[in-house]
$ cat query11.pdb   # PDB, C-alpha atoms
MODEL        1
ATOM      1  CA  MET A   1     -24.201 -23.768 -69.115
ATOM      2  CA  ARG A   2     -23.113 -27.144 -67.713
ATOM      3  CA  LEU A   3     -20.579 -25.415 -65.439
ATOM      4  CA  ASN A   4     -23.334 -23.182 -64.066
ATOM      5  CA  ARG A   5     -25.566 -26.223 -63.567
ATOM      6  CA  PHE A   6     -23.013 -28.151 -61.501
ATOM      7  CA  TRP A   7     -21.456 -25.165 -59.696
ATOM      8  CA  PRO A   8     -23.577 -25.585 -56.506
ATOM      9  CA  LEU A   9     -22.451 -29.210 -56.292
ATOM     10  CA  VAL A  10     -18.809 -28.161 -56.664
ATOM     11  CA  ILE A  11     -19.187 -25.595 -53.849
ATOM     12  CA  ALA A  12     -20.811 -28.200 -51.569
ATOM     13  CA  LEU A  13     -18.014 -30.686 -52.320
ATOM     14  CA  LEU A  14     -15.299 -28.115 -51.521
ATOM     15  CA  PHE A  15     -16.976 -27.313 -48.196
ATOM     16  CA  SER A  16     -17.266 -31.014 -47.316
ATOM     17  CA  MET A  17     -13.546 -31.471 -48.093
ATOM     18  CA  GLY A  18     -12.703 -28.531 -45.838
ATOM     19  CA  VAL A  19     -11.098 -26.535 -48.624
ATOM     20  CA  LEU A  20     -13.410 -23.559 -48.139
ATOM     21  CA  GLY A  21     -14.779 -24.085 -44.638
ATOM     22  CA  ASN A  22     -11.632 -24.439 -42.504
ATOM     23  CA  ALA A  23      -9.779 -21.222 -43.231
ATOM     24  CA  PRO A  24     -11.948 -19.047 -40.978
ATOM     25  CA  VAL A  25     -11.816 -21.702 -38.245
ATOM     26  CA  GLN A  26      -8.023 -21.856 -38.442
ATOM     27  CA  ALA A  27      -7.863 -18.060 -38.274
ATOM     28  CA  ALA A  28     -10.102 -18.050 -35.231
ATOM     29  CA  THR A  29      -7.931 -20.712 -33.589
ATOM     30  CA  LYS A  30      -4.836 -18.579 -34.186
ATOM     31  CA  ASP A  31      -6.618 -15.592 -32.693
ATOM     32  CA  LYS A  32      -7.415 -17.594 -29.566
ATOM     33  CA  GLN A  33      -3.800 -18.697 -29.296
ATOM     34  CA  LYS A  34      -2.700 -15.066 -29.522
ATOM     35  CA  GLN A  35      -5.053 -14.193 -26.670
ATOM     36  CA  ALA A  36      -3.121 -16.426 -24.292
ATOM     37  CA  LYS A  37      -0.227 -13.944 -24.211
ATOM     38  CA  PRO A  38       0.771 -12.547 -20.809
ATOM     39  CA  THR A  39      -1.020  -9.557 -19.354
ATOM     40  CA  LYS A  40       0.733  -6.211 -19.496
ATOM     41  CA  VAL A  41      -0.091  -2.868 -17.945
ATOM     42  CA  VAL A  42      -0.343  -0.218 -20.645
ATOM     43  CA  THR A  43      -1.709   2.754 -18.698
ATOM     44  CA  LYS A  44      -2.348   3.785 -15.141
ATOM     45  CA  SER A  45      -4.622   6.775 -15.345
ATOM     46  CA  PRO A  46      -4.050   9.595 -12.834
ATOM     47  CA  LYS A  47      -6.822  10.643 -10.479
ATOM     48  CA  ARG A  48      -9.419  12.855 -12.103
ATOM     49  CA  ALA A  49     -12.759  14.251 -11.083
ATOM     50  CA  LYS A  50     -15.931  12.654 -12.438
ATOM     51  CA  THR A  51     -19.561  13.247 -11.660
ATOM     52  CA  VAL A  52     -20.760  10.213  -9.740
ATOM     53  CA  ARG A  53     -24.141   9.859  -8.060
ATOM     54  CA  VAL A  54     -23.845   9.199  -4.334
ATOM     55  CA  THR A  55     -27.435   9.766  -3.242
ATOM     56  CA  VAL A  56     -29.837   6.889  -2.686
ATOM     57  CA  THR A  57     -32.728   6.560  -5.121
ATOM     58  CA  ARG A  58     -35.537   4.057  -5.343
ATOM     59  CA  SER A  59     -35.754   1.779  -8.369
ATOM     60  CA  SER A  60     -39.018   0.565  -9.876
ATOM     61  CA  ALA A  61     -37.399  -2.743 -10.860
ATOM     62  CA  PRO A  62     -38.614  -5.795  -8.909
ATOM     63  CA  VAL A  63     -36.351  -6.746  -6.023
ATOM     64  CA  VAL A  64     -35.147 -10.338  -5.922
ATOM     65  CA  ALA A  65     -34.708 -11.319  -2.315
ATOM     66  CA  GLY A  66     -31.409 -13.006  -1.467
ATOM     67  CA  PRO A  67     -30.319 -14.743   1.709
ATOM     68  CA  PRO A  68     -30.429 -12.360   4.688
ATOM     69  CA  SER A  69     -27.187 -10.908   5.978
ATOM     70  CA  LEU A  70     -25.924 -11.849   9.411
ATOM     71  CA  ALA A  71     -26.652  -8.328  10.668
ATOM     72  CA  THR A  72     -30.259  -8.716   9.493
ATOM     73  CA  ALA A  73     -30.534 -12.054  11.273
ATOM     74  CA  LEU A  74     -29.255 -10.391  14.441
ATOM     75  CA  GLY A  75     -31.815  -7.597  14.145
ATOM     76  CA  LEU A  76     -29.228  -4.863  13.521
ATOM     77  CA  ARG A  77     -30.393  -3.670  10.131
ATOM     78  CA  GLY A  78     -32.964  -0.899  10.113
ATOM     79  CA  GLN A  79     -32.011   0.508  13.509
ATOM     80  CA  ARG A  80     -32.378   4.281  13.494
ATOM     81  CA  ASP A  81     -29.619   6.648  14.543
ATOM     82  CA  GLU A  82     -29.280  10.420  14.749
ATOM     83  CA  LEU A  83     -27.780  10.728  11.254
ATOM     84  CA  ASN A  84     -30.294   8.300   9.716
ATOM     85  CA  LEU A  85     -27.498   6.165   8.276
ATOM     86  CA  LYS A  86     -28.458   3.087   6.286
ATOM     87  CA  SER A  87     -25.543   0.916   7.454
ATOM     88  CA  ALA A  88     -26.179  -1.541  10.295
ATOM     89  CA  VAL A  89     -22.721  -0.909  11.744
ATOM     90  CA  VAL A  90     -20.938   2.467  11.748
ATOM     91  CA  MET A  91     -17.813   3.811  13.350
ATOM     92  CA  VAL A  92     -16.092   7.202  12.990
ATOM     93  CA  VAL A  93     -12.741   7.557  14.747
ATOM     94  CA  ASN A  94     -10.125  10.322  14.838
ATOM     95  CA  GLN A  95      -7.058   8.567  13.434
ATOM     96  CA  ASP A  96      -4.600  10.695  15.432
ATOM     97  CA  THR A  97      -6.259  10.787  18.859
ATOM     98  CA  LYS A  98      -8.293   7.525  18.679
ATOM     99  CA  GLU A  99     -11.333   9.458  19.874
ATOM    100  CA  VAL A 100     -14.611   7.858  18.796
ATOM    101  CA  TYR A 101     -16.905  10.502  17.286
ATOM    102  CA  TYR A 102     -19.779   8.287  16.162
ATOM    103  CA  GLU A 103     -20.688   4.620  16.533
ATOM    104  CA  LYS A 104     -23.476   2.192  15.881
ATOM    105  CA  ASN A 105     -23.102  -1.476  16.903
ATOM    106  CA  PRO A 106     -19.290  -1.149  16.954
ATOM    107  CA  SER A 107     -18.364  -4.365  18.772
ATOM    108  CA  VAL A 108     -20.453  -6.910  16.830
ATOM    109  CA  SER A 109     -18.332  -9.333  14.809
ATOM    110  CA  LEU A 110     -19.734  -9.612  11.264
ATOM    111  CA  PRO A 111     -18.616 -10.889   7.830
ATOM    112  CA  ILE A 112     -16.460  -8.255   6.117
ATOM    113  CA  ALA A 113     -16.360  -9.530   2.512
ATOM    114  CA  SER A 114     -13.633  -7.920   0.367
ATOM    115  CA  ILE A 115     -12.484  -5.569   3.107
ATOM    116  CA  THR A 116     -10.406  -8.694   3.765
ATOM    117  CA  LYS A 117      -8.138  -7.627   0.916
ATOM    118  CA  LEU A 118      -6.549  -4.929   3.083
ATOM    119  CA  MET A 119      -5.192  -7.709   5.298
ATOM    120  CA  THR A 120      -4.212  -9.677   2.177
ATOM    121  CA  ALA A 121      -2.238  -6.664   0.959
ATOM    122  CA  MET A 122      -0.440  -6.162   4.286
ATOM    123  CA  VAL A 123       0.591  -9.813   4.536
ATOM    124  CA  THR A 124       1.807  -9.753   0.919
ATOM    125  CA  LEU A 125       3.874  -6.616   1.462
ATOM    126  CA  ASP A 126       5.230  -7.804   4.833
ATOM    127  CA  ALA A 127       6.741 -10.819   3.062
ATOM    128  CA  LYS A 128       8.893  -8.455   0.945
ATOM    129  CA  LEU A 129       8.552 -10.691  -2.107
ATOM    130  CA  PRO A 130       9.741  -9.288  -5.467
ATOM    131  CA  MET A 131       6.877  -7.189  -6.797
ATOM    132  CA  ASP A 132       8.030  -7.639 -10.391
ATOM    133  CA  ASP A 133       7.800 -11.448 -10.204
ATOM    134  CA  VAL A 134       5.387 -12.802 -12.825
ATOM    135  CA  ILE A 135       2.618 -14.989 -11.423
ATOM    136  CA  VAL A 136       0.047 -16.912 -13.453
ATOM    137  CA  ILE A 137      -3.679 -17.394 -12.902
ATOM    138  CA  ASN A 138      -4.055 -21.166 -12.769
ATOM    139  CA  ALA A 139      -7.090 -23.462 -12.591
ATOM    140  CA  GLU A 140      -7.281 -23.160  -8.792
ATOM    141  CA  ASP A 141      -7.308 -19.357  -8.989
ATOM    142  CA  ALA A 142      -9.916 -19.423 -11.757
ATOM    143  CA  HIS A 143     -12.137 -21.782  -9.775
ATOM    144  CA  ILE A 144     -12.319 -19.453  -6.769
ATOM    145  CA  TYR A 145     -14.531 -16.963  -8.637
ATOM    146  CA  ARG A 146     -16.489 -17.444 -11.841
ATOM    147  CA  HIS A 147     -16.749 -13.852 -13.062
ATOM    148  CA  SER A 148     -13.345 -12.382 -13.841
ATOM    149  CA  ARG A 149     -11.479 -10.929 -16.776
ATOM    150  CA  LEU A 150      -8.311 -12.593 -15.468
ATOM    151  CA  ALA A 151      -8.764 -15.804 -17.424
ATOM    152  CA  GLU A 152      -6.893 -18.986 -16.589
ATOM    153  CA  GLY A 153      -3.393 -18.679 -18.049
ATOM    154  CA  THR A 154      -3.197 -14.889 -17.593
ATOM    155  CA  SER A 155       0.249 -13.723 -16.497
ATOM    156  CA  LEU A 156       0.770 -10.593 -14.434
ATOM    157  CA  THR A 157       3.284  -9.230 -11.974
ATOM    158  CA  ARG A 158       2.741  -9.481  -8.226
ATOM    159  CA  GLU A 159       2.461  -5.684  -8.191
ATOM    160  CA  ASP A 160      -0.312  -5.668 -10.788
ATOM    161  CA  ALA A 161      -2.182  -8.436  -8.955
ATOM    162  CA  LEU A 162      -2.020  -6.390  -5.750
ATOM    163  CA  HIS A 163      -3.163  -3.279  -7.619
ATOM    164  CA  LEU A 164      -6.223  -5.035  -9.063
ATOM    165  CA  ALA A 165      -7.070  -6.672  -5.737
ATOM    166  CA  LEU A 166      -7.118  -3.340  -3.909
ATOM    167  CA  MET A 167      -8.560  -1.075  -6.592
ATOM    168  CA  SER A 168     -11.159  -3.207  -8.376
ATOM    169  CA  SER A 169     -11.434  -5.973  -5.739
ATOM    170  CA  GLU A 170     -10.279  -8.665  -8.185
ATOM    171  CA  ASN A 171     -10.795 -11.973  -6.377
ATOM    172  CA  ARG A 172      -8.591 -14.084  -8.621
ATOM    173  CA  ALA A 173      -5.770 -11.575  -8.209
ATOM    174  CA  ALA A 174      -6.061 -11.741  -4.413
ATOM    175  CA  TYR A 175      -6.201 -15.530  -4.393
ATOM    176  CA  THR A 176      -3.141 -15.949  -6.603
ATOM    177  CA  LEU A 177      -1.183 -13.588  -4.325
ATOM    178  CA  ALA A 178      -1.911 -15.935  -1.432
ATOM    179  CA  ARG A 179      -1.211 -19.069  -3.446
ATOM    180  CA  ASN A 180       2.187 -17.714  -4.477
ATOM    181  CA  TYR A 181       3.141 -16.903  -0.873
ATOM    182  CA  PRO A 182       5.970 -18.999   0.688
ATOM    183  CA  GLY A 183       4.211 -22.056   2.084
ATOM    184  CA  GLY A 184       1.160 -21.486  -0.075
ATOM    185  CA  LEU A 185      -2.390 -20.719   0.985
ATOM    186  CA  PRO A 186      -2.268 -22.339   4.487
ATOM    187  CA  ALA A 187       0.802 -20.290   5.423
ATOM    188  CA  PHE A 188      -0.818 -17.135   4.075
ATOM    189  CA  ILE A 189      -4.029 -17.603   6.094
ATOM    190  CA  ALA A 190      -1.963 -18.277   9.216
ATOM    191  CA  ALA A 191      -0.045 -15.043   8.589
ATOM    192  CA  MET A 192      -3.315 -13.128   8.204
ATOM    193  CA  ASN A 193      -4.549 -14.298  11.604
ATOM    194  CA  ARG A 194      -1.168 -13.602  13.257
ATOM    195  CA  LYS A 195      -1.257 -10.087  11.847
ATOM    196  CA  ALA A 196      -4.793  -9.572  13.160
ATOM    197  CA  LYS A 197      -3.711 -10.707  16.617
ATOM    198  CA  ASP A 198      -0.667  -8.408  16.547
ATOM    199  CA  LEU A 199      -2.955  -5.468  15.687
ATOM    200  CA  GLY A 200      -5.239  -6.194  18.617
ATOM    201  CA  MET A 201      -8.122  -7.349  16.431
ATOM    202  CA  GLU A 202      -9.653  -9.513  19.146
ATOM    203  CA  HIS A 203     -12.978 -10.170  17.412
ATOM    204  CA  SER A 204     -11.604 -11.086  13.969
ATOM    205  CA  HIS A 205     -10.866 -14.252  12.060
ATOM    206  CA  PHE A 206      -9.746 -14.994   8.495
ATOM    207  CA  GLU A 207     -10.288 -18.128   6.427
ATOM    208  CA  ASP A 208      -9.386 -16.948   2.916
ATOM    209  CA  PRO A 209      -7.620 -14.022   1.181
ATOM    210  CA  THR A 210     -10.568 -12.782  -0.911
ATOM    211  CA  GLY A 211     -13.457 -12.292   1.493
ATOM    212  CA  LEU A 212     -15.772 -14.546  -0.494
ATOM    213  CA  THR A 213     -16.388 -16.652   2.597
ATOM    214  CA  SER A 214     -18.586 -15.462   5.454
ATOM    215  CA  GLU A 215     -16.012 -16.965   7.852
ATOM    216  CA  ASN A 216     -13.912 -13.812   7.456
ATOM    217  CA  VAL A 217     -15.289 -11.698  10.296
ATOM    218  CA  ALA A 218     -14.374  -8.581  12.284
ATOM    219  CA  SER A 219     -15.980  -5.884  14.411
ATOM    220  CA  ALA A 220     -15.996  -2.206  13.478
ATOM    221  CA  GLU A 221     -13.531  -1.538  16.289
ATOM    222  CA  ASP A 222     -11.186  -4.156  14.823
ATOM    223  CA  LEU A 223     -11.549  -2.676  11.347
ATOM    224  CA  THR A 224     -10.477   0.774  12.523
ATOM    225  CA  ARG A 225      -7.296  -0.880  13.827
ATOM    226  CA  MET A 226      -6.785  -2.646  10.498
ATOM    227  CA  LEU A 227      -7.477   0.582   8.586
ATOM    228  CA  ASN A 228      -4.916   2.494  10.612
ATOM    229  CA  ALA A 229      -2.326  -0.251  10.116
ATOM    230  CA  ALA A 230      -2.966  -0.467   6.359
ATOM    231  CA  TYR A 231      -2.612   3.315   6.077
ATOM    232  CA  GLN A 232       1.034   2.996   7.083
ATOM    233  CA  TYR A 233       1.748   1.231   3.753
ATOM    234  CA  LYS A 234       2.281   3.715   0.931
ATOM    235  CA  THR A 235       1.511   1.058  -1.709
ATOM    236  CA  ILE A 236      -1.882   0.285  -0.167
ATOM    237  CA  ARG A 237      -2.768   3.972   0.045
ATOM    238  CA  GLU A 238      -1.811   4.503  -3.578
ATOM    239  CA  PHE A 239      -3.335   1.382  -5.139
ATOM    240  CA  SER A 240      -6.623   1.494  -3.211
ATOM    241  CA  THR A 241      -7.320   5.094  -4.295
ATOM    242  CA  TRP A 242      -6.402   4.770  -7.992
ATOM    243  CA  PRO A 243      -9.511   5.613 -10.099
ATOM    244  CA  ASP A 244      -8.874   3.129 -12.922
ATOM    245  CA  LEU A 245      -6.271   0.930 -14.545
ATOM    246  CA  THR A 246      -5.993  -0.315 -18.140
ATOM    247  CA  MET A 247      -4.327  -3.650 -18.843
ATOM    248  CA  VAL A 248      -3.965  -5.834 -21.938
ATOM    249  CA  ILE A 249      -5.708  -9.154 -21.331
ATOM    250  CA  ALA A 250      -6.535 -11.711 -24.029
ATOM    251  CA  ASN A 251      -4.862  -9.404 -26.530
ATOM    252  CA  ARG A 252      -7.346  -6.608 -25.755
ATOM    253  CA  PRO A 253      -7.115  -3.517 -23.532
ATOM    254  CA  GLN A 254      -9.307  -3.943 -20.471
ATOM    255  CA  LYS A 255     -10.226  -1.038 -18.211
ATOM    256  CA  PHE A 256     -10.662  -1.816 -14.509
ATOM    257  CA  LEU A 257     -12.479   0.745 -12.346
ATOM    258  CA  ASN A 258     -12.166   1.494  -8.675
ATOM    259  CA  THR A 259     -15.128  -0.058  -6.848
ATOM    260  CA  ASN A 260     -15.529   3.083  -4.721
ATOM    261  CA  ARG A 261     -17.718   5.732  -6.387
ATOM    262  CA  LEU A 262     -16.332   8.421  -4.098
ATOM    263  CA  VAL A 263     -12.797   7.797  -5.377
ATOM    264  CA  ARG A 264     -13.956   8.093  -8.978
ATOM    265  CA  SER A 265     -15.924  11.268  -8.248
ATOM    266  CA  GLY A 266     -13.078  12.960  -6.376
ATOM    267  CA  ASP A 267     -15.748  14.144  -3.947
ATOM    268  CA  MET A 268     -13.767  13.418  -0.772
ATOM    269  CA  ASP A 269     -10.139  13.576   0.340
ATOM    270  CA  ILE A 270      -9.685   9.800   0.623
ATOM    271  CA  GLY A 271      -6.327   8.438   1.726
ATOM    272  CA  LEU A 272      -7.227   4.725   1.684
ATOM    273  CA  GLN A 273     -10.379   2.734   1.040
ATOM    274  CA  LYS A 274     -11.875  -0.694   0.420
ATOM    275  CA  THR A 275     -15.353  -1.861  -0.496
ATOM    276  CA  GLY A 276     -16.899  -5.291  -0.052
ATOM    277  CA  PHE A 277     -20.007  -7.345  -0.712
ATOM    278  CA  ILE A 278     -21.282 -10.858  -0.184
ATOM    279  CA  ASN A 279     -24.825 -11.750   0.847
ATOM    280  CA  ALA A 280     -23.803 -12.538   4.415
ATOM    281  CA  ALA A 281     -22.014  -9.184   4.803
ATOM    282  CA  GLY A 282     -24.217  -6.811   2.833
ATOM    283  CA  ARG A 283     -22.631  -3.741   1.244
ATOM    284  CA  CYS A 284     -19.542  -2.634   3.169
ATOM    285  CA  LEU A 285     -17.101   0.266   3.018
ATOM    286  CA  VAL A 286     -14.055   1.324   5.022
ATOM    287  CA  MET A 287     -12.071   4.507   4.392
ATOM    288  CA  GLN A 288      -9.473   6.856   5.749
ATOM    289  CA  ALA A 289     -10.532  10.359   4.774
ATOM    290  CA  ARG A 290      -9.572  13.874   5.797
ATOM    291  CA  VAL A 291     -12.519  16.096   6.781
ATOM    292  CA  ASN A 292     -12.029  19.602   8.203
ATOM    293  CA  ASN A 293      -8.318  18.776   8.191
ATOM    294  CA  THR A 294      -8.995  15.873  10.568
ATOM    295  CA  PRO A 295      -7.972  12.326   9.543
ATOM    296  CA  LEU A 296     -10.988  10.087  10.124
ATOM    297  CA  LEU A 297     -11.281   6.309  10.062
ATOM    298  CA  LEU A 298     -14.722   5.412   8.686
ATOM    299  CA  VAL A 299     -16.412   2.009   8.849
ATOM    300  CA  PHE A 300     -19.797   1.170   7.298
ATOM    301  CA  LEU A 301     -20.951  -2.464   7.387
ATOM    302  CA  ASP A 302     -24.064  -4.131   5.996
ATOM    303  CA  SER A 303     -25.581  -1.165   4.222
ATOM    304  CA  VAL A 304     -28.983  -1.580   2.602
ATOM    305  CA  GLY A 305     -28.318  -0.908  -1.100
ATOM    306  CA  THR A 306     -25.527  -0.524  -3.630
ATOM    307  CA  GLN A 307     -25.216   3.249  -3.122
ATOM    308  CA  SER A 308     -26.234   3.778   0.497
ATOM    309  CA  ARG A 309     -22.791   3.057   1.991
ATOM    310  CA  PHE A 310     -21.356   5.899  -0.118
ATOM    311  CA  ALA A 311     -24.275   8.149   0.795
ATOM    312  CA  ASP A 312     -23.616   7.306   4.464
ATOM    313  CA  ALA A 313     -20.002   8.424   4.071
ATOM    314  CA  VAL A 314     -21.157  11.710   2.526
ATOM    315  CA  ARG A 315     -23.655  12.230   5.362
ATOM    316  CA  VAL A 316     -20.908  11.712   7.939
ATOM    317  CA  ARG A 317     -18.622  14.118   6.059
ATOM    318  CA  ASP A 318     -21.332  16.782   5.883
ATOM    319  CA  TRP A 319     -22.193  16.288   9.558
ATOM    320  CA  TYR A 320     -18.571  16.704  10.609
ATOM    321  CA  GLU A 321     -18.006  19.697   8.310
ATOM    322  CA  ARG A 322     -20.964  21.533   9.862
ATOM    323  CA  MET A 323     -19.566  21.074  13.354
ATOM    324  CA  PRO A 324     -18.289  24.262  15.024
ATOM    325  CA  SER A 325     -14.532  24.449  15.493
ATOM    326  CA  GLY A 326     -13.414  22.765  18.689
ATOM    327  CA  ALA A 327     -16.783  21.053  19.208
ATOM    328  CA  GLN A 328     -15.837  17.468  18.321
ATOM    329  CA  PRO A 329     -18.494  15.062  19.638
ATOM    330  CA  ILE A 330     -16.117  12.833  21.595
ATOM    331  CA  ARG A 331     -17.985   9.771  22.799
ATOM    332  CA  ARG A 332     -15.096   7.736  24.141
ATOM    333  CA  LEU A 333     -11.498   6.671  23.559
ATOM    334  CA  MET A 334     -10.727   3.381  21.894
TER     335      MET A 334
ENDMDL
END
$ encode --input "query11.pdb" --output "structure tokens"
Amino acid sequence: MRLNRFWPLVIALLFSMGVLGNAPVQAATKDKQKQAKPTKVVTKSPKRAKTVRVTVTRSSAPVVAGPPSLATALGLRGQRDELNLKSAVVMVVNQDTKEVYYEKNPSVSLPIASITKLMTAMVTLDAKLPMDDVIVINAEDAHIYRHSRLAEGTSLTREDALHLALMSSENRAAYTLARNYPGGLPAFIAAMNRKAKDLGMEHSHFEDPTGLTSENVASAEDLTRMLNAAYQYKTIREFSTWPDLTMVIANRPQKFLNTNRLVRSGDMDIGLQKTGFINAAGRCLVMQARVNNTPLLLVFLDSVGTQSRFADAVRVRDWYERMPSGAQPIRRLM
């Protein structure tokens, strides 16, 4: 009876002494320590067809207005064209002949967001650094972008960082590639601008390796040159068109998806691609795709909504597929 009477006091005393209360905390601390282990690729799923919506639909949810894009400020958004495309800037070029089949505001220099990462990939690969070198996400990398599953302290190979940067547009992965370049970030940015000049990208400029800054700009004409150059790299073709990738991060498998819905759907024969978005750039998409056995370079900048750039690509594909044989709509040569 007395033991039952004083039992609550005994329990309270044990908790205050930490005898009962600390064990779960210690276990949780150990779990957190385990999560700091290096990242490791466990699977790289092959391409497979999925059903992905590419049409544009209207949502009933209230729209929160953000800062206008540069194309909007210049009065380019909303201009009508014969295909009723929703992108402010469009360019369709035959990759082999350099014949321009379709264009809309092709020479305006605009922010390109994460399309930047194609240049980041080329500069990284040009340096011929060991792709199996392990690099670590440090505080500087983590600071560049708040939302990322690559936590500070994550270790991954240069190859895996490049894969994530191209496939799922991982900003921390792209930034750490540049930071681990010989000479660091300043040397990397200088190499990006030298590469752009060598490619004849006369209306382009780069300030960072991720595309998070609106100072990274290019015209559609320049981007077709960059697309064609990037296509010459087998690694960029392969990594940018991988549907998904599973890695172990923080002691848990994490699945990263390709940011391009058309890659995940298998709806087009895409040889290389990159998406991008910041407020100043709007929704952007560049691709190399084969349509009617013709390799096309496709550029869509500052599209209206999250899906309209993909719908624009499908419209261009359908338009070109319906064209009679030998009736290419050549507008000019680049």
$ closest_residue --input "query11.pdb" --among "A:Thr259, A:Asn180, A:Thr235, A:Thr97" --to "Asp133 of chain A" --atoms "only C-alpha atoms"
A:Asn180
$ resolve_selection --input "query11.pdb" --expression "the PyMOL selection byres ((chain A and resi 192-196) around 9)" --output "number ranges by chain"
A: 119-120, 122-123, 187-191, 197-202, 204-209, 222, 226
$ write_last_selection --input "query11.pdb" --atoms "C-alpha atoms" --output "PDB file, in the coordinates of the input"
ATOM      1  CA  MET A 119      -5.192  -7.709   5.298  1.00  0.00           C
ATOM      2  CA  THR A 120      -4.212  -9.677   2.177  1.00  0.00           C
ATOM      3  CA  MET A 122      -0.440  -6.162   4.286  1.00  0.00           C
ATOM      4  CA  VAL A 123       0.591  -9.813   4.536  1.00  0.00           C
ATOM      5  CA  ALA A 187       0.802 -20.290   5.423  1.00  0.00           C
ATOM      6  CA  PHE A 188      -0.818 -17.135   4.075  1.00  0.00           C
ATOM      7  CA  ILE A 189      -4.029 -17.603   6.094  1.00  0.00           C
ATOM      8  CA  ALA A 190      -1.963 -18.277   9.216  1.00  0.00           C
ATOM      9  CA  ALA A 191      -0.045 -15.043   8.589  1.00  0.00           C
ATOM     10  CA  LYS A 197      -3.711 -10.707  16.617  1.00  0.00           C
ATOM     11  CA  ASP A 198      -0.667  -8.408  16.547  1.00  0.00           C
ATOM     12  CA  LEU A 199      -2.955  -5.468  15.687  1.00  0.00           C
ATOM     13  CA  GLY A 200      -5.239  -6.194  18.617  1.00  0.00           C
ATOM     14  CA  MET A 201      -8.122  -7.349  16.431  1.00  0.00           C
ATOM     15  CA  GLU A 202      -9.653  -9.513  19.146  1.00  0.00           C
ATOM     16  CA  SER A 204     -11.604 -11.086  13.969  1.00  0.00           C
ATOM     17  CA  HIS A 205     -10.866 -14.252  12.060  1.00  0.00           C
ATOM     18  CA  PHE A 206      -9.746 -14.994   8.495  1.00  0.00           C
ATOM     19  CA  GLU A 207     -10.288 -18.128   6.427  1.00  0.00           C
ATOM     20  CA  ASP A 208      -9.386 -16.948   2.916  1.00  0.00           C
ATOM     21  CA  PRO A 209      -7.620 -14.022   1.181  1.00  0.00           C
ATOM     22  CA  ASP A 222     -11.186  -4.156  14.823  1.00  0.00           C
ATOM     23  CA  MET A 226      -6.785  -2.646  10.498  1.00  0.00           C
TER      24      MET A 226
END
$ closest_residue --input "query11.pdb" --among "A:Asp267, A:Glu103, A:Glu170, A:Glu152" --to "Leu297 of chain A" --atoms "all atoms listed in the file"
A:Glu103
$ atom_distance --input "query11.pdb" --atom1 "atom CA of Leu212 of chain A" --atom2 "atom CA of Asn105 of chain A"
23.0 Å
$ closest_residue --input "query11.pdb" --among "A:Asp269, A:Gly326, A:Val263, A:Ala173" --to "Phe310 of chain A" --atoms "only C-alpha atoms"
A:Val263
$ resolve_selection --input "query11.pdb" --expression "the PyMOL selection byres ((chain A and resi 298) around 9)" --output "number ranges by chain"
A: 90-93, 224, 227, 285-289, 296-297, 299-300, 313, 316
$ resolve_selection --input "query11.pdb" --expression "the PyMOL selection byres ((chain A and resi 306) around 10)" --output "VMD selection string"
chain A and resid 54 56 277 282 to 284 303 to 305 307 to 311
$ write_last_selection --input "query11.pdb" --atoms "C-alpha atoms" --output "short mmCIF file (atom, residue, chain, number, x, y, z; two decimals), in the coordinates of the input"
data_model
loop_
_atom_site.label_atom_id
_atom_site.label_comp_id
_atom_site.auth_asym_id
_atom_site.auth_seq_id
_atom_site.Cartn_x
_atom_site.Cartn_y
_atom_site.Cartn_z
CA VAL A 54 -23.84 9.20 -4.33
CA VAL A 56 -29.84 6.89 -2.69
CA PHE A 277 -20.01 -7.34 -0.71
CA GLY A 282 -24.22 -6.81 2.83
CA ARG A 283 -22.63 -3.74 1.24
CA CYS A 284 -19.54 -2.63 3.17
CA SER A 303 -25.58 -1.16 4.22
CA VAL A 304 -28.98 -1.58 2.60
CA GLY A 305 -28.32 -0.91 -1.10
CA GLN A 307 -25.22 3.25 -3.12
CA SER A 308 -26.23 3.78 0.50
CA ARG A 309 -22.79 3.06 1.99
CA PHE A 310 -21.36 5.90 -0.12
CA ALA A 311 -24.28 8.15 0.80
#
$ closest_residue --input "query11.pdb" --among "A:Thr294, A:Leu301, A:Pro324, A:Gly276" --to "Val89 of chain A" --atoms "only C-alpha atoms"
A:Leu301
$ atom_distance --input "query11.pdb" --atom1 "atom CA of Tyr102 of chain A" --atom2 "atom CA of Arg332 of chain A"
9.3 Å
$ closest_residue --input "query11.pdb" --among "A:Asn292, A:Gln232, A:Thr124, A:Thr157" --to "Arg179 of chain A" --atoms "all atoms listed in the file"
A:Thr124
$ closest_residue --input "query11.pdb" --among "A:His203, A:Arg80, A:Val291, A:Val134" --to "Pro106 of chain A" --atoms "all atoms listed in the file"
A:His203
$ atom_distance --input "query11.pdb" --atom1 "atom CA of Arg290 of chain A" --atom2 "atom CA of Lys104 of chain A"
20.8 Å
$ axis_aligned_box --input "query11.pdb" --around "segment 175-187 of chain A" --padding-each-side "6 Å" --output "lines of an AutoDock Vina configuration file"
center_x = -0.1
center_y = -18.0
center_z = -0.6
size_x = 24.2
size_y = 20.8
size_z = 24.0
$ residues_around --input "query11.pdb" --residues "Lys234 of chain A" --least-positions-apart "6" --cutoff "12 Å" --atoms "all atoms listed in the file" --output "list of chain:residue names"
A:Ala121, A:Met122, A:Leu125, A:Ser240, A:Thr241, A:Gly271, A:Leu272
